[in-house]
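Have a look at query_6.cif; it's mmCIF, C-alpha atoms and all ligand atoms:
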data_coords
loop_
_atom_site.label_atom_id
_atom_site.label_comp_id
_atom_site.auth_asym_id
_atom_site.auth_seq_id
_atom_site.Cartn_x
_atom_site.Cartn_y
_atom_site.Cartn_z
CA MET A 1 -12.29 -55.33 159.95
CA LEU A 2 -12.02 -58.03 157.33
CA LYS A 3 -14.44 -57.23 154.51
CA LEU A 4 -16.70 -59.60 152.61
CA GLY A 5 -17.44 -59.36 148.90
CA VAL A 6 -20.25 -61.70 147.94
CA ASN A 7 -20.00 -63.25 144.50
CA ILE A 8 -23.58 -63.52 143.24
CA ASP A 9 -22.86 -65.23 139.90
CA HIS A 10 -24.76 -68.32 140.95
CA VAL A 11 -27.94 -66.37 141.58
CA ALA A 12 -27.74 -65.64 137.84
CA THR A 13 -26.85 -69.29 137.19
CA LEU A 14 -30.24 -70.31 138.64
CA ARG A 15 -31.98 -67.77 136.41
CA GLU A 16 -30.14 -68.91 133.27
CA LEU A 17 -30.83 -72.61 133.99
CA ARG A 18 -34.48 -72.04 133.11
CA GLY A 19 -34.41 -68.74 131.27
CA THR A 20 -36.75 -67.24 133.85
CA PRO A 21 -36.67 -63.59 134.92
CA TYR A 22 -35.96 -64.76 138.50
CA PRO A 23 -34.12 -64.95 140.82
CA ASP A 24 -33.41 -61.24 140.53
CA VAL A 25 -29.70 -60.46 140.71
CA LEU A 26 -30.26 -56.89 141.90
CA ALA A 27 -32.55 -58.07 144.70
CA ALA A 28 -29.84 -60.53 145.76
CA ALA A 29 -27.23 -57.76 145.75
CA ARG A 30 -29.45 -55.61 147.95
CA VAL A 31 -29.89 -58.45 150.44
CA CYS A 32 -26.08 -58.91 150.61
CA ARG A 33 -25.51 -55.19 151.10
CA ASP A 34 -28.23 -54.87 153.74
CA ALA A 35 -26.87 -57.92 155.59
CA GLY A 36 -23.54 -56.10 155.96
CA ALA A 37 -21.43 -57.27 153.00
CA HIS A 38 -18.88 -54.71 151.84
CA GLY A 39 -19.84 -55.27 148.23
CA VAL A 40 -20.80 -57.75 145.56
CA THR A 41 -18.77 -59.38 142.83
CA VAL A 42 -19.95 -60.57 139.45
CA HIS A 43 -17.95 -62.33 136.76
CA LEU A 44 -18.95 -61.26 133.27
CA ARG A 45 -17.70 -64.33 131.45
CA GLU A 46 -16.98 -64.27 127.75
CA ASP A 47 -19.71 -66.88 127.18
CA ARG A 48 -22.19 -64.91 129.40
CA ARG A 49 -23.19 -68.19 131.04
CA HIS A 50 -24.57 -66.47 134.14
CA ILE A 51 -24.06 -62.71 134.50
CA ARG A 52 -25.08 -60.61 131.49
CA ASP A 53 -24.03 -57.11 130.43
CA ALA A 54 -27.43 -55.78 131.56
CA ASP A 55 -26.85 -57.15 135.08
CA VAL A 56 -23.63 -55.18 135.37
CA ARG A 57 -25.41 -51.99 134.27
CA VAL A 58 -28.30 -52.51 136.72
CA LEU A 59 -25.97 -53.29 139.63
CA ARG A 60 -23.80 -50.29 138.84
CA ALA A 61 -26.82 -47.99 138.94
CA GLU A 62 -27.76 -49.13 142.46
CA PRO A 63 -26.90 -46.49 145.06
CA GLY A 64 -24.65 -47.56 147.91
CA LEU A 65 -23.61 -50.83 146.27
CA ARG A 66 -19.89 -51.52 145.86
CA LEU A 67 -19.31 -53.48 142.68
CA ASN A 68 -16.32 -55.64 141.84
CA LEU A 69 -16.33 -56.88 138.25
CA GLU A 70 -14.40 -60.07 137.59
CA MET A 71 -13.24 -60.20 134.01
CA ALA A 72 -10.92 -61.91 131.60
CA ILE A 73 -8.72 -60.01 129.18
CA ALA A 74 -11.41 -59.81 126.49
CA PRO A 75 -12.15 -56.64 124.50
CA ASP A 76 -15.97 -56.83 124.69
CA VAL A 77 -15.82 -57.24 128.48
CA LEU A 78 -13.36 -54.35 128.75
CA ALA A 79 -15.90 -52.22 126.86
CA VAL A 80 -18.56 -53.01 129.48
CA ALA A 81 -16.07 -52.27 132.28
CA LEU A 82 -15.11 -48.91 130.81
CA GLU A 83 -18.75 -48.02 130.17
CA THR A 84 -20.01 -48.95 133.66
CA CYS A 85 -16.86 -48.08 135.64
CA PRO A 86 -17.25 -50.51 138.57
CA ASP A 87 -15.51 -49.70 141.84
CA GLU A 88 -13.07 -52.52 141.18
CA ALA A 89 -12.21 -54.95 138.42
CA CYS A 90 -10.44 -58.20 139.11
CA LEU A 91 -8.59 -59.65 136.13
CA VAL A 92 -8.85 -63.44 135.98
CA PRO A 93 -7.87 -66.13 133.46
CA GLU A 94 -10.77 -67.78 131.69
CA ARG A 95 -11.29 -70.97 129.74
CA ARG A 96 -14.59 -71.76 128.08
CA GLN A 97 -14.77 -75.36 129.31
CA GLU A 98 -13.98 -74.70 132.94
CA ARG A 99 -16.69 -74.96 135.58
CA THR A 100 -15.15 -72.09 137.54
CA THR A 101 -11.93 -70.06 137.40
CA GLU A 102 -9.25 -72.71 137.63
CA GLY A 103 -5.94 -71.00 138.21
CA GLY A 104 -4.47 -67.60 138.77
CA LEU A 105 -3.65 -65.11 136.06
CA ASP A 106 -0.14 -65.62 134.67
CA VAL A 107 0.93 -62.00 135.01
CA LEU A 108 4.59 -62.90 134.55
CA ALA A 109 4.08 -64.47 131.12
CA ASN A 110 1.71 -61.72 129.96
CA GLU A 111 3.22 -58.68 131.60
CA ALA A 112 2.86 -56.30 128.68
CA ALA A 113 -0.79 -57.18 128.00
CA VAL A 114 -1.79 -57.17 131.67
CA GLY A 115 0.04 -53.85 132.16
CA THR A 116 -1.89 -52.31 129.28
CA TRP A 117 -5.21 -53.45 130.76
CA VAL A 118 -4.29 -52.24 134.23
CA ARG A 119 -3.55 -48.81 132.73
CA ARG A 120 -6.70 -48.68 130.62
CA LEU A 121 -8.93 -49.62 133.54
CA SER A 122 -7.11 -47.34 135.98
CA ASP A 123 -7.35 -44.44 133.51
CA GLY A 124 -11.08 -45.17 133.38
CA GLY A 125 -11.32 -44.78 137.16
CA VAL A 126 -11.47 -48.49 138.01
CA ARG A 127 -9.31 -49.92 140.81
CA VAL A 128 -7.67 -53.06 139.45
CA SER A 129 -7.00 -56.31 141.24
CA LEU A 130 -5.14 -59.30 139.80
CA PHE A 131 -6.22 -62.82 140.73
CA ILE A 132 -2.98 -64.74 141.18
CA GLU A 133 -1.49 -67.88 142.63
CA PRO A 134 0.57 -67.41 145.81
CA ASP A 135 3.81 -67.41 143.83
CA PRO A 136 6.48 -64.79 144.62
CA ARG A 137 7.18 -64.21 140.91
CA GLN A 138 3.51 -63.46 140.26
CA VAL A 139 3.32 -61.09 143.23
CA GLU A 140 6.39 -59.21 141.93
CA ALA A 141 4.95 -59.05 138.43
CA ALA A 142 1.62 -57.74 139.81
CA ALA A 143 3.47 -54.90 141.52
CA ARG A 144 5.54 -54.20 138.37
CA VAL A 145 2.47 -53.79 136.14
CA GLY A 146 1.10 -51.19 138.56
CA ALA A 147 -1.93 -53.00 140.00
CA PRO A 148 -2.83 -51.60 143.43
CA CYS A 149 -4.37 -54.86 144.58
CA ILE A 150 -4.06 -58.65 144.30
CA GLU A 151 -6.50 -61.41 145.08
CA LEU A 152 -4.76 -64.57 146.23
CA HIS A 153 -6.23 -67.80 144.91
CA THR A 154 -7.27 -69.89 147.90
CA GLY A 155 -8.76 -72.76 145.87
CA THR A 156 -5.95 -75.22 146.55
CA LEU A 157 -5.85 -74.44 150.27
CA CYS A 158 -9.61 -74.84 150.54
CA THR A 159 -9.61 -78.31 149.01
CA SER A 160 -6.45 -79.66 150.69
CA THR A 161 -5.92 -81.33 154.03
CA GLY A 162 -2.99 -82.24 156.26
CA ALA A 163 0.55 -81.50 155.09
CA ALA A 164 -0.58 -80.33 151.66
CA ALA A 165 -2.88 -77.73 153.24
CA GLU A 166 -0.08 -76.54 155.52
CA ARG A 167 2.32 -76.19 152.55
CA GLU A 168 -0.23 -74.18 150.60
CA LEU A 169 -1.02 -72.03 153.61
CA GLU A 170 2.69 -71.22 153.97
CA ARG A 171 2.78 -70.13 150.33
CA LEU A 172 -0.25 -67.90 150.90
CA VAL A 173 1.18 -66.41 154.10
CA SER A 174 4.47 -65.61 152.42
CA ALA A 175 2.79 -64.17 149.30
CA ALA A 176 0.58 -61.95 151.47
CA ARG A 177 3.60 -60.66 153.41
CA GLN A 178 5.50 -59.96 150.20
CA ALA A 179 2.50 -58.14 148.70
CA ALA A 180 2.08 -56.02 151.82
CA ARG A 181 5.79 -55.09 151.70
CA LEU A 182 5.28 -54.00 148.09
CA GLY A 183 2.34 -51.83 149.15
CA LEU A 184 -0.36 -53.98 147.51
CA GLN A 185 -3.82 -54.50 148.95
CA VAL A 186 -4.34 -58.21 149.64
CA ASN A 187 -7.67 -59.89 148.98
CA ALA A 188 -8.31 -63.62 148.81
CA GLY A 189 -10.93 -65.86 147.34
CA HIS A 190 -12.07 -69.11 145.77
CA GLY A 191 -13.49 -72.18 147.43
CA ILE A 192 -13.98 -70.57 150.83
CA ASN A 193 -16.75 -71.91 153.07
CA ARG A 194 -17.41 -71.73 156.80
CA GLY A 195 -15.78 -75.14 157.26
CA ASN A 196 -12.39 -74.15 155.79
CA LEU A 197 -12.46 -70.47 156.80
CA ALA A 198 -10.20 -70.97 159.84
CA ALA A 199 -7.25 -71.85 157.59
CA VAL A 200 -7.87 -68.81 155.36
CA LEU A 201 -7.91 -66.57 158.43
CA GLU A 202 -4.28 -67.55 159.07
CA ILE A 203 -3.26 -65.40 156.07
CA PRO A 204 -1.96 -62.01 157.19
CA HIS A 205 -2.73 -58.57 155.72
CA LEU A 206 -6.15 -59.56 154.38
CA ASP A 207 -8.45 -56.72 153.35
CA THR A 208 -11.34 -58.57 151.65
CA LEU A 209 -12.52 -62.14 151.10
CA ASN A 210 -14.54 -62.78 147.95
CA ILE A 211 -16.91 -65.68 148.50
CA GLY A 212 -19.69 -66.95 146.26
CA HIS A 213 -20.63 -70.57 145.82
CA SER A 214 -20.79 -71.61 149.48
CA ILE A 215 -22.90 -68.59 150.43
CA VAL A 216 -25.43 -69.18 147.65
CA CYS A 217 -25.54 -72.89 148.61
CA GLU A 218 -26.13 -72.09 152.27
CA ALA A 219 -28.83 -69.63 151.26
CA VAL A 220 -30.91 -72.57 150.03
CA PHE A 221 -31.30 -73.60 153.68
CA ILE A 222 -31.14 -70.40 155.70
CA GLY A 223 -31.78 -67.65 153.17
CA LEU A 224 -29.28 -65.27 151.57
CA ASP A 225 -29.49 -62.75 154.39
CA GLY A 226 -28.75 -65.48 156.93
CA ALA A 227 -25.92 -66.96 154.88
CA VAL A 228 -24.18 -63.58 154.48
CA ARG A 229 -24.60 -62.77 158.18
CA ALA A 230 -23.29 -66.20 159.20
CA MET A 231 -20.17 -65.71 157.07
CA LEU A 232 -19.63 -62.21 158.43
CA THR A 233 -19.93 -63.50 161.98
CA ALA A 234 -17.42 -66.30 161.29
CA MET A 235 -15.02 -63.78 159.71
CA GLN A 236 -14.97 -61.78 162.93
CA ALA A 237 -12.50 -64.38 164.19
CA TYR A 238 -9.81 -62.73 162.01
CA ARG A 239 -6.95 -61.52 164.20
CA GLY A 240 -4.64 -60.43 161.40
CA GLY A 241 -3.36 -63.89 160.47
CA ARG A 242 0.01 -65.42 161.31
CA PRO A 243 2.38 -62.92 162.88
N1 LIG B 301 -12.57 -64.82 143.43
C1 LIG B 301 -12.39 -65.11 142.11
C2 LIG B 301 -11.34 -64.36 141.37
C3 LIG B 301 -13.20 -66.05 141.45
O1 LIG B 301 -13.00 -66.33 140.15
C4 LIG B 301 -14.23 -66.68 142.17
C5 LIG B 301 -15.15 -67.62 141.48
O2 LIG B 301 -15.93 -66.93 140.57
C6 LIG B 301 -14.39 -66.34 143.53
C7 LIG B 301 -13.53 -65.44 144.14
C8 LIG B 301 -15.45 -66.95 144.37
O3 LIG B 301 -15.20 -68.32 144.48
P1 LIG B 301 -16.29 -69.26 145.15
O4 LIG B 301 -17.51 -69.17 144.31
O5 LIG B 301 -15.62 -70.60 145.12
O6 LIG B 301 -16.51 -68.75 146.55
#
The structure given in the file should be rewritten as C-alpha cells.
Amino acid sequence: MLKLGVNIDHVATLRELRGTPYPDVLAAARVCRDAGAHGVTVHLREDRRHIRDADVRVLRAEPGLRLNLEMAIAPDVLAVALETCPDEACLVPERRQERTTEGGLDVLANEAAVGTWVRRLSDGGVRVSLFIEPDPRQVEAAARVGAPCIELHTGTLCTSTGAAAERELERLVSAARQAARLGLQVNAGHGINRGNLAAVLEIPHLDTLNIGHSIVCEAVFIGLDGAVRAMLTAMQAYRGGRP
C-alpha cells in the first residue's frame, strides 16, 4: 500500500502568524495518525519560520507517531536531529528567501558533505532520505553516498500541463526505475493535491508520498481528519505506476 506522510508545517505557520499557542502541532499530528497517515513530516528550517525545536521534541515523544524530519545541511539542525533521533530525516536544500523548498538537493556537486551527513545521521540511528530532482546523475550520487532512500521532487510535474507534464513524468518514471534498480526506497513529494494526484500515481516503485500544503488547505473546509482520509482514499488508486 502506498503510504502517506503528512507535512504539518503549515499548522505551525498559522500559529506563528499570530504568535498564539494554537493551533497545536501535536494535536494535528495525532489527527493525521488517527486518520490513517503513515507518519508526519516537519521541516525545521534554519530561520524557524514555522516548526520550532520544541515541536520536534514534543512530536518525537508521542508514542506511535512516525516522524520524518526535513532538514537542510545546517549544524544546529543536525544537533536537534541527533538529539531527537526521528525515524527518518530528509535532507533538502534551503534558501532563506524561498516560500517553500524550490529545487532538489544537488548531491552530485556536494557529494563529500552530503555523504558525511548521511553517515552521521545513520550512525545516530536515523534513516536518511535525499530530496532530489528526477535526474539520473543525482540518483546515482544518492546511491553512492549511501542513502537508503530518495524523495523525488514532484513540484514541476504538479504545476505543468500537456507535453511539459508528460516530459517531466517520463523523467520521474525513469528516475524511480533507476533508484529501484539501485536498491533505493522511492518516496515522492511537493505540490501534490487531489487534482494532480493521478499523474503522480503513474510513477512506479513508490513507497511514500509526502504531502502538506494541499491537505492543510483542504482541512479549512472539511477538517484535517477529513482531508487526510480523502487523500488516503484517492491514493488507493495506485496500481504500481507505469509498467
Ligand atoms: N517533500 C519535501 C522534501 C518538501 O520540502 C515539501 C515542502 O515542505 C513537501 C514534501 C510537501 O510539499 P507540499 O507542501 O507542496 O505538499
Write out as a list in words which residues come within 10 Å of Asp207 of chain A when counting all atoms listed in the file, dropping same-chain ones fewer than 5 positions away.
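In the requested format, the answer is Met1, Leu2, Lys3, Leu4, Cys149, Glu151, Gln185, Val186, Asn187, Ala188 and Gly240 of chain A.
A straight line drawn from atom O4 of ligand LIG 301 (chain B) to atom CA of Leu172 of chain A is 18.5 Å long.
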Within 7 Å of ligand LIG 301 (chain B), counting all atoms listed in the file, which protein or nucleic acid residues do you find, written as a list in words?
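Taking all atoms listed in the file into account, the residues around ligand LIG 301 (chain B) at most 7 Å away are Asn7, His43, Glu70, Cys90, Val92, Thr100, Thr101, Phe131, Glu151, Ala188, Gly189, His190, Gly191, Ile192, Asn210, Ile211, Gly212, His213 and Ser214 of chain A.
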Selection to disk with C-alpha atoms, as a compact mmCIF listing (two decimals), in the frame of the given file:
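Output contents, as saved in again.txt:
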# COMPACT_ATOMS: atom_id res chain seq x y z
CA ASN A 7 -20.00 -63.25 144.50
CA HIS A 43 -17.95 -62.33 136.76
CA GLU A 70 -14.40 -60.07 137.59
CA CYS A 90 -10.44 -58.20 139.11
CA VAL A 92 -8.85 -63.44 135.98
CA THR A 100 -15.15 -72.09 137.54
CA THR A 101 -11.93 -70.06 137.40
CA PHE A 131 -6.22 -62.82 140.73
CA GLU A 151 -6.50 -61.41 145.08
CA ALA A 188 -8.31 -63.62 148.81
CA GLY A 189 -10.93 -65.86 147.34
CA HIS A 190 -12.07 -69.11 145.77
CA GLY A 191 -13.49 -72.18 147.43
CA ILE A 192 -13.98 -70.57 150.83
CA ASN A 210 -14.54 -62.78 147.95
CA ILE A 211 -16.91 -65.68 148.50
CA GLY A 212 -19.69 -66.95 146.26
CA HIS A 213 -20.63 -70.57 145.82
CA SER A 214 -20.79 -71.61 149.48
Given only C-alpha atoms as the counted atoms, nearest of A:Arg57, A:Arg194, A:Arg239, A:Arg177 to Leu26 of chain A
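Ranking A:Arg57, A:Arg194, A:Arg239, A:Arg177 by distance to Leu26 of chain A, first place goes to A:Arg57.
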Excluding segment 27-39 of chain A and residues on its chain fewer than 5 positions from it, collect all residues at most 7 Å away from it, counting only C-alpha atoms, and give them as a list in words.
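Contacts, with the query itself left out: Lys3, Leu4, Gly5, Val6, Leu65, Arg66, Leu67, Leu224, Asp225, Val228 and Arg229 of chain A.
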Quote the spacing between atom CA of Gly146 of chain A and atom CA of Glu111 of chain A in Å to one decimal place.
10.4 Å
For a quick check of understanding, using all atoms listed in the file, which of A:Asp9, A:Asn68, A:Arg144, A:Val107 has the smallest distance to Val126 of chain A?
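Counting all atoms listed in the file, the residue closest to Val126 of chain A is A:Asn68.
The two atoms in question, atom CA of Ser160 of chain A and atom CA of Glu202 of chain A, are spaced 14.9 Å apart.
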Between A:Gly226, A:Pro23, A:Pro63, A:Pro75, which has the minimum distance to Arg120 of chain A (counting only C-alpha atoms)?
A:Pro75
Between A:Ala180, A:Ile215, A:Ala165, A:Val200, which one has atoms that come closest to Gly241 of chain A, using only C-alpha atoms?
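Using only C-alpha atoms, the shortest distance to Gly241 of chain A belongs to A:Val200.
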Would you please work out which residue, of A:Glu166, A:Leu157, A:Arg48, A:Pro86, is nearest to Ala61 of chain A when using all atoms listed in the file?
A:Pro86
Counting all atoms listed in the file, which residue out of A:Val25, A:Met71, A:Ala147, A:Ala79 sits closest to Ser122 of chain A?
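Among A:Val25, A:Met71, A:Ala147, A:Ala79, it is A:Ala147 that comes nearest to Ser122 of chain A.
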Leaving out Ala175 of chain A and any residue of its chain fewer than 3 positions from it, which residues lie within 8 Å of it when counting all atoms listed in the file, given as number ranges by chain?
A: 134-136, 139, 171-172, 178-179
With N, CA and C atoms as the target, complete segment 205-229 of chain A and hand it back as a PDB file, in the coordinates of the input.
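Output (result34.pdb):
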ATOM      1  N   HIS A 205      -2.538 -59.749 156.578  1.00  0.00           N
ATOM      2  CA  HIS A 205      -2.730 -58.570 155.720  1.00  0.00           C
ATOM      3  C   HIS A 205      -3.987 -58.611 154.865  1.00  0.00           C
ATOM      4  N   LEU A 206      -4.956 -59.440 155.228  1.00  0.00           N
ATOM      5  CA  LEU A 206      -6.150 -59.560 154.380  1.00  0.00           C
ATOM      6  C   LEU A 206      -7.049 -58.329 154.506  1.00  0.00           C
ATOM      7  N   ASP A 207      -7.492 -57.837 153.371  1.00  0.00           N
ATOM      8  CA  ASP A 207      -8.450 -56.720 153.350  1.00  0.00           C
ATOM      9  C   ASP A 207      -9.860 -57.248 153.105  1.00  0.00           C
ATOM     10  N   THR A 208     -10.008 -58.099 152.067  1.00  0.00           N
ATOM     11  CA  THR A 208     -11.340 -58.570 151.650  1.00  0.00           C
ATOM     12  C   THR A 208     -11.296 -60.043 151.263  1.00  0.00           C
ATOM     13  N   LEU A 209     -12.330 -60.780 151.632  1.00  0.00           N
ATOM     14  CA  LEU A 209     -12.520 -62.140 151.100  1.00  0.00           C
ATOM     15  C   LEU A 209     -13.671 -62.091 150.101  1.00  0.00           C
ATOM     16  N   ASN A 210     -13.468 -62.667 148.937  1.00  0.00           N
ATOM     17  CA  ASN A 210     -14.540 -62.780 147.950  1.00  0.00           C
ATOM     18  C   ASN A 210     -15.059 -64.209 147.950  1.00  0.00           C
ATOM     19  N   ILE A 211     -16.326 -64.351 148.307  1.00  0.00           N
ATOM     20  CA  ILE A 211     -16.910 -65.680 148.500  1.00  0.00           C
ATOM     21  C   ILE A 211     -18.253 -65.754 147.783  1.00  0.00           C
ATOM     22  N   GLY A 212     -18.453 -66.835 147.023  1.00  0.00           N
ATOM     23  CA  GLY A 212     -19.690 -66.950 146.260  1.00  0.00           C
ATOM     24  C   GLY A 212     -20.440 -68.230 146.475  1.00  0.00           C
ATOM     25  N   HIS A 213     -19.901 -69.311 145.918  1.00  0.00           N
ATOM     26  CA  HIS A 213     -20.630 -70.570 145.820  1.00  0.00           C
ATOM     27  C   HIS A 213     -21.169 -71.057 147.167  1.00  0.00           C
ATOM     28  N   SER A 214     -20.336 -71.043 148.190  1.00  0.00           N
ATOM     29  CA  SER A 214     -20.790 -71.610 149.480  1.00  0.00           C
ATOM     30  C   SER A 214     -21.895 -70.758 150.093  1.00  0.00           C
ATOM     31  N   ILE A 215     -21.851 -69.458 149.869  1.00  0.00           N
ATOM     32  CA  ILE A 215     -22.900 -68.590 150.430  1.00  0.00           C
ATOM     33  C   ILE A 215     -24.227 -68.835 149.728  1.00  0.00           C
ATOM     34  N   VAL A 216     -24.180 -68.931 148.396  1.00  0.00           N
ATOM     35  CA  VAL A 216     -25.430 -69.180 147.650  1.00  0.00           C
ATOM     36  C   VAL A 216     -25.979 -70.563 148.011  1.00  0.00           C
ATOM     37  N   CYS A 217     -25.083 -71.540 148.211  1.00  0.00           N
ATOM     38  CA  CYS A 217     -25.540 -72.890 148.610  1.00  0.00           C
ATOM     39  C   CYS A 217     -26.194 -72.845 149.988  1.00  0.00           C
ATOM     40  N   GLU A 218     -25.565 -72.148 150.920  1.00  0.00           N
ATOM     41  CA  GLU A 218     -26.130 -72.090 152.270  1.00  0.00           C
ATOM     42  C   GLU A 218     -27.459 -71.345 152.273  1.00  0.00           C
ATOM     43  N   ALA A 219     -27.587 -70.405 151.346  1.00  0.00           N
ATOM     44  CA  ALA A 219     -28.830 -69.630 151.260  1.00  0.00           C
ATOM     45  C   ALA A 219     -30.044 -70.516 150.971  1.00  0.00           C
ATOM     46  N   VAL A 220     -29.804 -71.650 150.317  1.00  0.00           N
ATOM     47  CA  VAL A 220     -30.910 -72.570 150.030  1.00  0.00           C
ATOM     48  C   VAL A 220     -31.578 -72.998 151.351  1.00  0.00           C
ATOM     49  N   PHE A 221     -30.776 -73.116 152.401  1.00  0.00           N
ATOM     50  CA  PHE A 221     -31.300 -73.600 153.680  1.00  0.00           C
ATOM     51  C   PHE A 221     -31.682 -72.487 154.647  1.00  0.00           C
ATOM     52  N   ILE A 222     -30.874 -71.422 154.665  1.00  0.00           N
ATOM     53  CA  ILE A 222     -31.140 -70.400 155.700  1.00  0.00           C
ATOM     54  C   ILE A 222     -31.418 -69.029 155.107  1.00  0.00           C
ATOM     55  N   GLY A 223     -31.518 -68.937 153.810  1.00  0.00           N
ATOM     56  CA  GLY A 223     -31.780 -67.650 153.170  1.00  0.00           C
ATOM     57  C   GLY A 223     -30.479 -66.895 152.931  1.00  0.00           C
ATOM     58  N   LEU A 224     -30.508 -65.989 151.945  1.00  0.00           N
ATOM     59  CA  LEU A 224     -29.280 -65.270 151.570  1.00  0.00           C
ATOM     60  C   LEU A 224     -28.848 -64.324 152.687  1.00  0.00           C
ATOM     61  N   ASP A 225     -29.811 -63.652 153.287  1.00  0.00           N
ATOM     62  CA  ASP A 225     -29.490 -62.750 154.390  1.00  0.00           C
ATOM     63  C   ASP A 225     -28.785 -63.524 155.511  1.00  0.00           C
ATOM     64  N   GLY A 226     -29.336 -64.669 155.868  1.00  0.00           N
ATOM     65  CA  GLY A 226     -28.750 -65.480 156.930  1.00  0.00           C
ATOM     66  C   GLY A 226     -27.376 -66.001 156.562  1.00  0.00           C
ATOM     67  N   ALA A 227     -27.208 -66.404 155.301  1.00  0.00           N
ATOM     68  CA  ALA A 227     -25.920 -66.960 154.880  1.00  0.00           C
ATOM     69  C   ALA A 227     -24.823 -65.888 154.889  1.00  0.00           C
ATOM     70  N   VAL A 228     -25.169 -64.675 154.470  1.00  0.00           N
ATOM     71  CA  VAL A 228     -24.180 -63.580 154.480  1.00  0.00           C
ATOM     72  C   VAL A 228     -23.833 -63.224 155.923  1.00  0.00           C
ATOM     73  N   ARG A 229     -24.859 -63.121 156.764  1.00  0.00           N
ATOM     74  CA  ARG A 229     -24.600 -62.770 158.180  1.00  0.00           C
ATOM     75  C   ARG A 229     -23.764 -63.849 158.868  1.00  0.00           C
TER      76      ARG A 229
END
